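As provided, run_33.pdb (PDB, C-alpha atoms, pLDDT in the B column) reads as follows.
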```pdb
MODEL        1
ATOM      1  CA  MET L   1       0.000   0.000   0.000  1.00 61.00           C
ATOM      2  CA  SER L   2       1.379   3.417  -0.922  1.00 68.00           C
ATOM      3  CA  LEU L   3       1.884   6.162   1.651  1.00 64.00           C
ATOM      4  CA  TYR L   4      -0.811   8.238  -0.056  1.00 69.00           C
ATOM      5  CA  ALA L   5      -3.300   5.371   0.170  1.00 86.00           C
ATOM      6  CA  ALA L   6      -2.493   4.824   3.859  1.00 87.00           C
ATOM      7  CA  ASP L   7      -2.875   8.551   4.625  1.00 90.00           C
ATOM      8  CA  LYS L   8      -6.215   8.617   2.800  1.00 93.00           C
ATOM      9  CA  LEU L   9      -7.429   5.502   4.619  1.00 94.00           C
ATOM     10  CA  ILE L  10      -6.437   6.929   8.019  1.00 95.00           C
ATOM     11  CA  GLY L  11      -8.241  10.167   7.127  1.00 95.00           C
ATOM     12  CA  GLN L  12     -11.394   8.177   6.420  1.00 95.00           C
ATOM     13  CA  ALA L  13     -10.935   6.233   9.673  1.00 96.00           C
ATOM     14  CA  ARG L  14     -10.704   9.546  11.584  1.00 96.00           C
ATOM     15  CA  GLN L  15     -13.991  10.733  10.055  1.00 96.00           C
ATOM     16  CA  LEU L  16     -15.706   7.408  10.733  1.00 96.00           C
ATOM     17  CA  ALA L  17     -14.486   7.275  14.348  1.00 96.00           C
ATOM     18  CA  ALA L  18     -15.591  10.854  15.072  1.00 96.00           C
ATOM     19  CA  GLU L  19     -18.993  10.355  13.447  1.00 96.00           C
ATOM     20  CA  TYR L  20     -19.487   7.013  15.215  1.00 96.00           C
ATOM     21  CA  ARG L  21     -18.839   8.643  18.600  1.00 95.00           C
ATOM     22  CA  ARG L  22     -21.180  11.556  17.870  1.00 94.00           C
ATOM     23  CA  THR L  23     -23.931   9.172  16.699  1.00 96.00           C
ATOM     24  CA  MET L  24     -23.528   6.292  19.150  1.00 95.00           C
ATOM     25  CA  GLY L  25     -22.277   8.246  22.169  1.00 94.00           C
ATOM     26  CA  LYS L  26     -19.242   6.033  22.659  1.00 93.00           C
ATOM     27  CA  PRO L  27     -15.894   5.558  20.915  1.00 92.00           C
ATOM     28  CA  LEU L  28     -15.336   2.945  18.232  1.00 92.00           C
ATOM     29  CA  PRO L  29     -13.095   0.339  19.952  1.00 90.00           C
ATOM     30  CA  GLY L  30      -9.471   0.032  18.845  1.00 87.00           C
ATOM     31  CA  ILE L  31      -9.454   2.693  16.169  1.00 94.00           C
ATOM     32  CA  SER L  32      -7.698   5.454  18.126  1.00 93.00           C
ATOM     33  CA  ASN L  33      -4.632   3.281  18.612  1.00 92.00           C
ATOM     34  CA  GLU L  34      -4.356   2.510  14.888  1.00 94.00           C
ATOM     35  CA  ILE L  35      -4.678   6.200  14.019  1.00 97.00           C
ATOM     36  CA  ALA L  36      -2.113   7.121  16.686  1.00 96.00           C
ATOM     37  CA  LEU L  37       0.397   4.557  15.380  1.00 95.00           C
ATOM     38  CA  HIS L  38       0.123   6.040  11.906  1.00 95.00           C
ATOM     39  CA  ASP L  39       0.384   9.627  13.185  1.00 97.00           C
ATOM     40  CA  ALA L  40       3.397   8.977  15.428  1.00 97.00           C
ATOM     41  CA  MET L  41       5.282   7.241  12.622  1.00 96.00           C
ATOM     42  CA  ARG L  42       4.462  10.000  10.127  1.00 95.00           C
ATOM     43  CA  LEU L  43       5.092  12.989  12.411  1.00 96.00           C
ATOM     44  CA  LEU L  44       8.260  11.631  14.054  1.00 97.00           C
ATOM     45  CA  ARG L  45       9.551   9.796  10.953  1.00 96.00           C
ATOM     46  CA  LEU L  46       9.593   6.405  12.642  1.00 97.00           C
ATOM     47  CA  ALA L  47       9.809   3.034  10.950  1.00 96.00           C
ATOM     48  CA  PRO L  48       7.163   0.393  11.698  1.00 93.00           C
ATOM     49  CA  VAL L  49       8.116  -3.031  12.991  1.00 94.00           C
ATOM     50  CA  ASP L  50       6.505  -6.368  12.231  1.00 88.00           C
ATOM     51  CA  SER L  51       3.395  -6.847  14.363  1.00 78.00           C
ATOM     52  CA  SER L  52       4.837 -10.085  15.751  1.00 76.00           C
ATOM     53  CA  VAL L  53       7.596  -8.116  17.511  1.00 80.00           C
ATOM     54  CA  GLY L  54       6.618  -7.753  21.151  1.00 83.00           C
ATOM     55  CA  GLY L  55       6.993  -4.696  23.349  1.00 89.00           C
ATOM     56  CA  TYR L  56       7.385  -1.921  20.794  1.00 95.00           C
ATOM     57  CA  ASP L  57       5.608  -0.581  17.733  1.00 95.00           C
ATOM     58  CA  ALA L  58       8.279   1.356  15.845  1.00 97.00           C
ATOM     59  CA  ILE L  59      11.960   2.159  15.676  1.00 97.00           C
ATOM     60  CA  ASP L  60      13.657   5.490  15.165  1.00 97.00           C
ATOM     61  CA  PRO L  61      16.259   5.068  12.416  1.00 96.00           C
ATOM     62  CA  ALA L  62      17.735   8.499  13.229  1.00 94.00           C
ATOM     63  CA  ARG L  63      18.496   7.388  16.812  1.00 95.00           C
ATOM     64  CA  ASP L  64      20.231   4.066  16.205  1.00 95.00           C
ATOM     65  CA  GLY L  65      17.039   2.031  16.015  1.00 94.00           C
ATOM     66  CA  LEU L  66      15.577   3.229  19.326  1.00 97.00           C
ATOM     67  CA  ARG L  67      12.610   0.928  20.126  1.00 97.00           C
ATOM     68  CA  ILE L  68       9.411   2.885  20.708  1.00 97.00           C
ATOM     69  CA  GLN L  69       6.160   1.766  22.309  1.00 95.00           C
ATOM     70  CA  ILE L  70       3.295   3.989  21.089  1.00 96.00           C
ATOM     71  CA  LYS L  71       0.275   4.786  23.267  1.00 95.00           C
ATOM     72  CA  SER L  72      -2.726   6.954  22.515  1.00 95.00           C
ATOM     73  CA  ARG L  73      -5.473   8.819  24.263  1.00 94.00           C
ATOM     74  CA  THR L  74      -8.355  10.660  22.652  1.00 94.00           C
ATOM     75  CA  ILE L  75      -9.421  13.561  24.849  1.00 92.00           C
ATOM     76  CA  PHE L  76     -13.131  14.240  24.401  1.00 87.00           C
ATOM     77  CA  ASP L  77     -13.550  16.505  27.434  1.00 80.00           C
ATOM     78  CA  GLU L  78     -10.501  18.377  28.716  1.00 75.00           C
ATOM     79  CA  SER L  79     -12.281  19.247  31.955  1.00 73.00           C
ATOM     80  CA  LYS L  80     -12.293  15.586  32.986  1.00 76.00           C
ATOM     81  CA  THR L  81      -9.308  14.639  35.111  1.00 74.00           C
ATOM     82  CA  GLY L  82      -7.725  11.264  35.730  1.00 76.00           C
ATOM     83  CA  GLN L  83      -7.729  10.113  32.122  1.00 87.00           C
ATOM     84  CA  ARG L  84      -5.473   7.094  31.739  1.00 88.00           C
ATOM     85  CA  ILE L  85      -3.313   5.624  29.022  1.00 90.00           C
ATOM     86  CA  GLY L  86      -3.085   1.941  28.189  1.00 83.00           C
ATOM     87  CA  GLN L  87      -0.821  -0.281  30.236  1.00 86.00           C
ATOM     88  CA  ILE L  88       2.892   0.130  29.581  1.00 88.00           C
ATOM     89  CA  LYS L  89       4.489  -3.258  29.018  1.00 84.00           C
ATOM     90  CA  ALA L  90       7.334  -2.982  31.544  1.00 85.00           C
ATOM     91  CA  ASP L  91       8.430  -6.605  31.106  1.00 88.00           C
ATOM     92  CA  GLN L  92       8.977  -6.279  27.329  1.00 91.00           C
ATOM     93  CA  PRO L  93      11.887  -4.783  25.363  1.00 93.00           C
ATOM     94  CA  TRP L  94      11.530  -1.058  24.507  1.00 96.00           C
ATOM     95  CA  ASP L  95      13.539   2.125  24.989  1.00 97.00           C
ATOM     96  CA  CYS L  96      10.878   4.821  25.251  1.00 97.00           C
ATOM     97  CA  VAL L  97       7.139   5.425  25.031  1.00 97.00           C
ATOM     98  CA  VAL L  98       5.473   8.011  22.811  1.00 97.00           C
ATOM     99  CA  LEU L  99       2.013   9.169  23.855  1.00 97.00           C
ATOM    100  CA  VAL L 100      -0.191  10.579  21.085  1.00 98.00           C
ATOM    101  CA  LEU L 101      -2.950  12.874  22.357  1.00 97.00           C
ATOM    102  CA  MET L 102      -5.855  13.372  19.963  1.00 97.00           C
ATOM    103  CA  ASP L 103      -8.861  15.688  19.952  1.00 95.00           C
ATOM    104  CA  ASP L 104     -12.477  14.633  19.445  1.00 93.00           C
ATOM    105  CA  ASP L 105     -11.936  14.562  15.670  1.00 96.00           C
ATOM    106  CA  TYR L 106      -9.116  12.032  16.217  1.00 96.00           C
ATOM    107  CA  GLU L 107      -6.535  14.576  15.073  1.00 97.00           C
ATOM    108  CA  PRO L 108      -3.236  14.621  16.978  1.00 97.00           C
ATOM    109  CA  TYR L 109      -2.500  17.792  18.926  1.00 97.00           C
ATOM    110  CA  GLU L 110       0.449  16.757  21.146  1.00 97.00           C
ATOM    111  CA  LEU L 111       3.004  13.946  21.268  1.00 98.00           C
ATOM    112  CA  TYR L 112       5.035  13.258  24.407  1.00 98.00           C
ATOM    113  CA  GLU L 113       8.004  10.964  24.894  1.00 98.00           C
ATOM    114  CA  ALA L 114       9.279   9.366  28.106  1.00 97.00           C
ATOM    115  CA  ASP L 115      12.366   7.190  28.503  1.00 96.00           C
ATOM    116  CA  ARG L 116      12.162   3.676  29.876  1.00 96.00           C
ATOM    117  CA  GLU L 117      14.284   4.465  32.942  1.00 94.00           C
ATOM    118  CA  GLU L 118      12.112   7.447  33.908  1.00 93.00           C
ATOM    119  CA  LEU L 119       8.889   5.478  33.559  1.00 92.00           C
ATOM    120  CA  LEU L 120      10.150   2.385  35.380  1.00 89.00           C
ATOM    121  CA  GLU L 121      11.558   4.528  38.200  1.00 89.00           C
ATOM    122  CA  PHE L 122       8.178   6.178  38.710  1.00 86.00           C
ATOM    123  CA  MET L 123       6.376   2.832  38.553  1.00 83.00           C
ATOM    124  CA  ASP L 124       8.765   1.298  41.114  1.00 81.00           C
ATOM    125  CA  LYS L 125       8.480   4.220  43.554  1.00 80.00           C
ATOM    126  CA  SER L 126       4.729   4.618  43.245  1.00 70.00           C
ATOM    127  CA  SER L 127       2.439   3.404  45.978  1.00 58.00           C
ATOM    128  CA  SER L 128      -0.375   3.089  43.431  1.00 63.00           C
ATOM    129  CA  GLY L 129      -1.131  -0.452  42.311  1.00 61.00           C
ATOM    130  CA  ARG L 130      -2.201   0.872  38.918  1.00 58.00           C
ATOM    131  CA  ALA L 131       1.096   2.667  38.387  1.00 55.00           C
ATOM    132  CA  LYS L 132       3.044  -0.410  39.441  1.00 51.00           C
ATOM    133  CA  ARG L 133       1.193  -2.344  36.719  1.00 62.00           C
ATOM    134  CA  GLY L 134       2.093   0.307  34.130  1.00 62.00           C
ATOM    135  CA  ALA L 135      -1.229   2.164  34.006  1.00 75.00           C
ATOM    136  CA  LEU L 136      -0.469   5.884  34.214  1.00 87.00           C
ATOM    137  CA  SER L 137      -2.634   8.947  33.934  1.00 88.00           C
ATOM    138  CA  VAL L 138      -2.163  11.294  30.997  1.00 93.00           C
ATOM    139  CA  ALA L 139      -1.189  14.054  33.448  1.00 92.00           C
ATOM    140  CA  ARG L 140       1.506  11.886  35.074  1.00 91.00           C
ATOM    141  CA  PHE L 141       2.919  10.857  31.698  1.00 94.00           C
ATOM    142  CA  LYS L 142       3.156  14.529  30.680  1.00 95.00           C
ATOM    143  CA  ILE L 143       5.058  15.293  33.904  1.00 94.00           C
ATOM    144  CA  ILE L 144       7.496  12.404  33.420  1.00 95.00           C
ATOM    145  CA  GLY L 145       7.914  12.878  29.673  1.00 96.00           C
ATOM    146  CA  ARG L 146       8.632  15.793  27.382  1.00 97.00           C
ATOM    147  CA  LEU L 147       6.650  17.382  24.576  1.00 97.00           C
ATOM    148  CA  VAL L 148       8.187  16.317  21.240  1.00 97.00           C
ATOM    149  CA  TRP L 149       5.517  17.557  18.804  1.00 97.00           C
ATOM    150  CA  SER L 150       2.517  19.873  18.930  1.00 96.00           C
ATOM    151  CA  ARG L 151      -0.046  20.900  16.358  1.00 94.00           C
ATOM    152  CA  ASP L 152       0.878  24.571  16.844  1.00 93.00           C
ATOM    153  CA  GLU L 153       4.678  24.282  16.915  1.00 92.00           C
ATOM    154  CA  GLY L 154       5.537  21.061  15.045  1.00 91.00           C
ATOM    155  CA  LEU L 155       8.625  19.171  16.191  1.00 91.00           C
ATOM    156  CA  ALA L 156      10.025  20.396  19.489  1.00 88.00           C
ATOM    157  CA  PRO L 157      13.625  21.628  19.516  1.00 81.00           C
ATOM    158  CA  GLY L 158      16.111  18.955  20.410  1.00 70.00           C
ATOM    159  CA  VAL L 159      16.411  15.373  19.352  1.00 58.00           C
ATOM    160  CA  TRP L 160      13.418  15.357  16.963  1.00 53.00           C
ATOM    161  CA  ASP L 161      14.276  18.486  14.951  1.00 51.00           C
ATOM    162  CA  ASN L 162      17.592  17.217  13.598  1.00 49.00           C
ATOM    163  CA  GLN L 163      16.153  14.396  11.547  1.00 50.00           C
ATOM    164  CA  THR L 164      16.338  14.489   7.823  1.00 47.00           C
ATOM    165  CA  GLY L 165      13.424  13.525   5.740  1.00 44.00           C
TER     166      GLY L 165
ENDMDL
END
```
What would the structure in this file look like if it were written as structure tokens?
Amino acid sequence: MSLYAADKLIGQARQLAAEYRRTMGKPLPGISNEIALHDAMRLLRLAPVDSSVGGYDAIDPARDGLRIQIKSRTIFDESKTGQRIGQIKADQPWDCVVLVLMDDDYEPYELYEADREELLEFMDKSSSGRAKRGALSVARFKIIGRLVWSRDEGLAPGVWDNQTG
């Protein structure tokens, strides 16, 4: 499948997911993660890995094949607190986690990255059973991680802005 065809298909998936939620009152299961995988790879110029590889979803060729686990969260109501991301697979091989935050149209507006050591340290020190199992809130992930892309600013200065493409 060509890149253009994939981009077009993801665009249609975004529209379908948003319309489904507006009509049915609940999100379409599983679609936000697929959209987020596509967006993270496109925006950060990552390379996908075979789906049979466990623990990570992409590699960063510009950073010596850094193994990246990609998580997503669609924020429908910013006034709601305590929104969580999917469980981080602490027992699997990966180097960092990228969190893709999407609006109610399933469009990305911020991407955050957190290193393995930082996440595992927080999970080990936490008294929360959820955190120990790798389930973090969006707010906590943003505190631990760093903003690497935003809709308004594009790639953040630093490691992501020196990639060629």
List, as a list in words, every residue that the PyMOL selection byres ((chain L and resi 140) around 12) selects in the file provided. Thr81, Gly82, Gln83, Arg84, Ile85, Leu99, Tyr112, Ala114, Glu118, Leu119, Phe122, Met123, Ser126, Ala131, Gly134, Ala135, Leu136, Ser137, Val138, Ala139, Phe141, Lys142, Ile143, Ile144, Gly145 and Arg146 of chain L
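Of the listed residues L:Asp105, L:Asp91, L:Asp124, L:Glu110, the one whose atoms come nearest to L:Tyr56 is L:Asp91, with distances taken using only C-alpha atoms.
The spacing separating atom CA of L:His38 from atom CA of L:Met24 amounts to 24.7 Å.
Between atom CA of L:Asp115 and atom CA of L:Gly154 lies a distance of 20.5 Å.
Counting all atoms listed in the file, the residue from L:Leu111, L:Ile68, L:Ala5, L:Leu101 that sits nearest to L:Glu153 is L:Leu111.
Our summary of the geometry notes that atom CA of L:Trp149 is positioned 10.4 Å from atom CA of L:Val98.
When all atoms listed in the file are used to measure the gap to L:Ala58, the shortest distance among L:Glu78, L:Asp39, L:Asp152, L:Glu107 belongs to L:Asp39.
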Choose the residue, out of L:Met41, L:Leu155, L:Tyr106, L:Glu113, that has the smallest atom-to-atom separation from L:Tyr20; count only C-alpha atoms. L:Tyr106
Close residues, L:Met102 itself excluded, 12 Å, all atoms listed in the file, min 5 positions apart in chain, as an MDAnalysis selection string: chainID L and resid 14 17:18 31:33 35:37 39:40 71:78 107:112 138 150:151
Write a file of the selected residues as a tab-separated table (two decimals), in the frame of the given file, keeping C-alpha atoms.
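Contents of selection_20.tsv, freshly written:
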```
chain	number	residue	atom	x	y	z
L	14	ARG	CA	-10.70	9.55	11.58
L	17	ALA	CA	-14.49	7.28	14.35
L	18	ALA	CA	-15.59	10.85	15.07
L	31	ILE	CA	-9.45	2.69	16.17
L	32	SER	CA	-7.70	5.45	18.13
L	33	ASN	CA	-4.63	3.28	18.61
L	35	ILE	CA	-4.68	6.20	14.02
L	36	ALA	CA	-2.11	7.12	16.69
L	37	LEU	CA	0.40	4.56	15.38
L	39	ASP	CA	0.38	9.63	13.18
L	40	ALA	CA	3.40	8.98	15.43
L	71	LYS	CA	0.28	4.79	23.27
L	72	SER	CA	-2.73	6.95	22.52
L	73	ARG	CA	-5.47	8.82	24.26
L	74	THR	CA	-8.36	10.66	22.65
L	75	ILE	CA	-9.42	13.56	24.85
L	76	PHE	CA	-13.13	14.24	24.40
L	77	ASP	CA	-13.55	16.50	27.43
L	78	GLU	CA	-10.50	18.38	28.72
L	107	GLU	CA	-6.54	14.58	15.07
L	108	PRO	CA	-3.24	14.62	16.98
L	109	TYR	CA	-2.50	17.79	18.93
L	110	GLU	CA	0.45	16.76	21.15
L	111	LEU	CA	3.00	13.95	21.27
L	112	TYR	CA	5.04	13.26	24.41
L	138	VAL	CA	-2.16	11.29	31.00
L	150	SER	CA	2.52	19.87	18.93
L	151	ARG	CA	-0.05	20.90	16.36
```
Distance criterion (only C-alpha atoms): nearest to L:Val49 out of L:Glu121, L:Leu66, L:Leu9, L:Pro27: L:Leu66
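With distances taken over only C-alpha atoms, L:Gly55 is the one residue among L:Arg45, L:Gly55, L:Glu117, L:Asp60 lying closest to L:Ile88.
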Any chance you could work out the axis-aligned box around stretch 79-93 of chain L, listed atoms only, 4 Å on each side, giving centre and edge lengths in Å to one decimal, as lines of an AutoDock Vina configuration file?
```
center_x = -0.2
center_y = 6.3
center_z = 30.5
size_x = 32.2
size_y = 33.9
size_z = 18.4
```
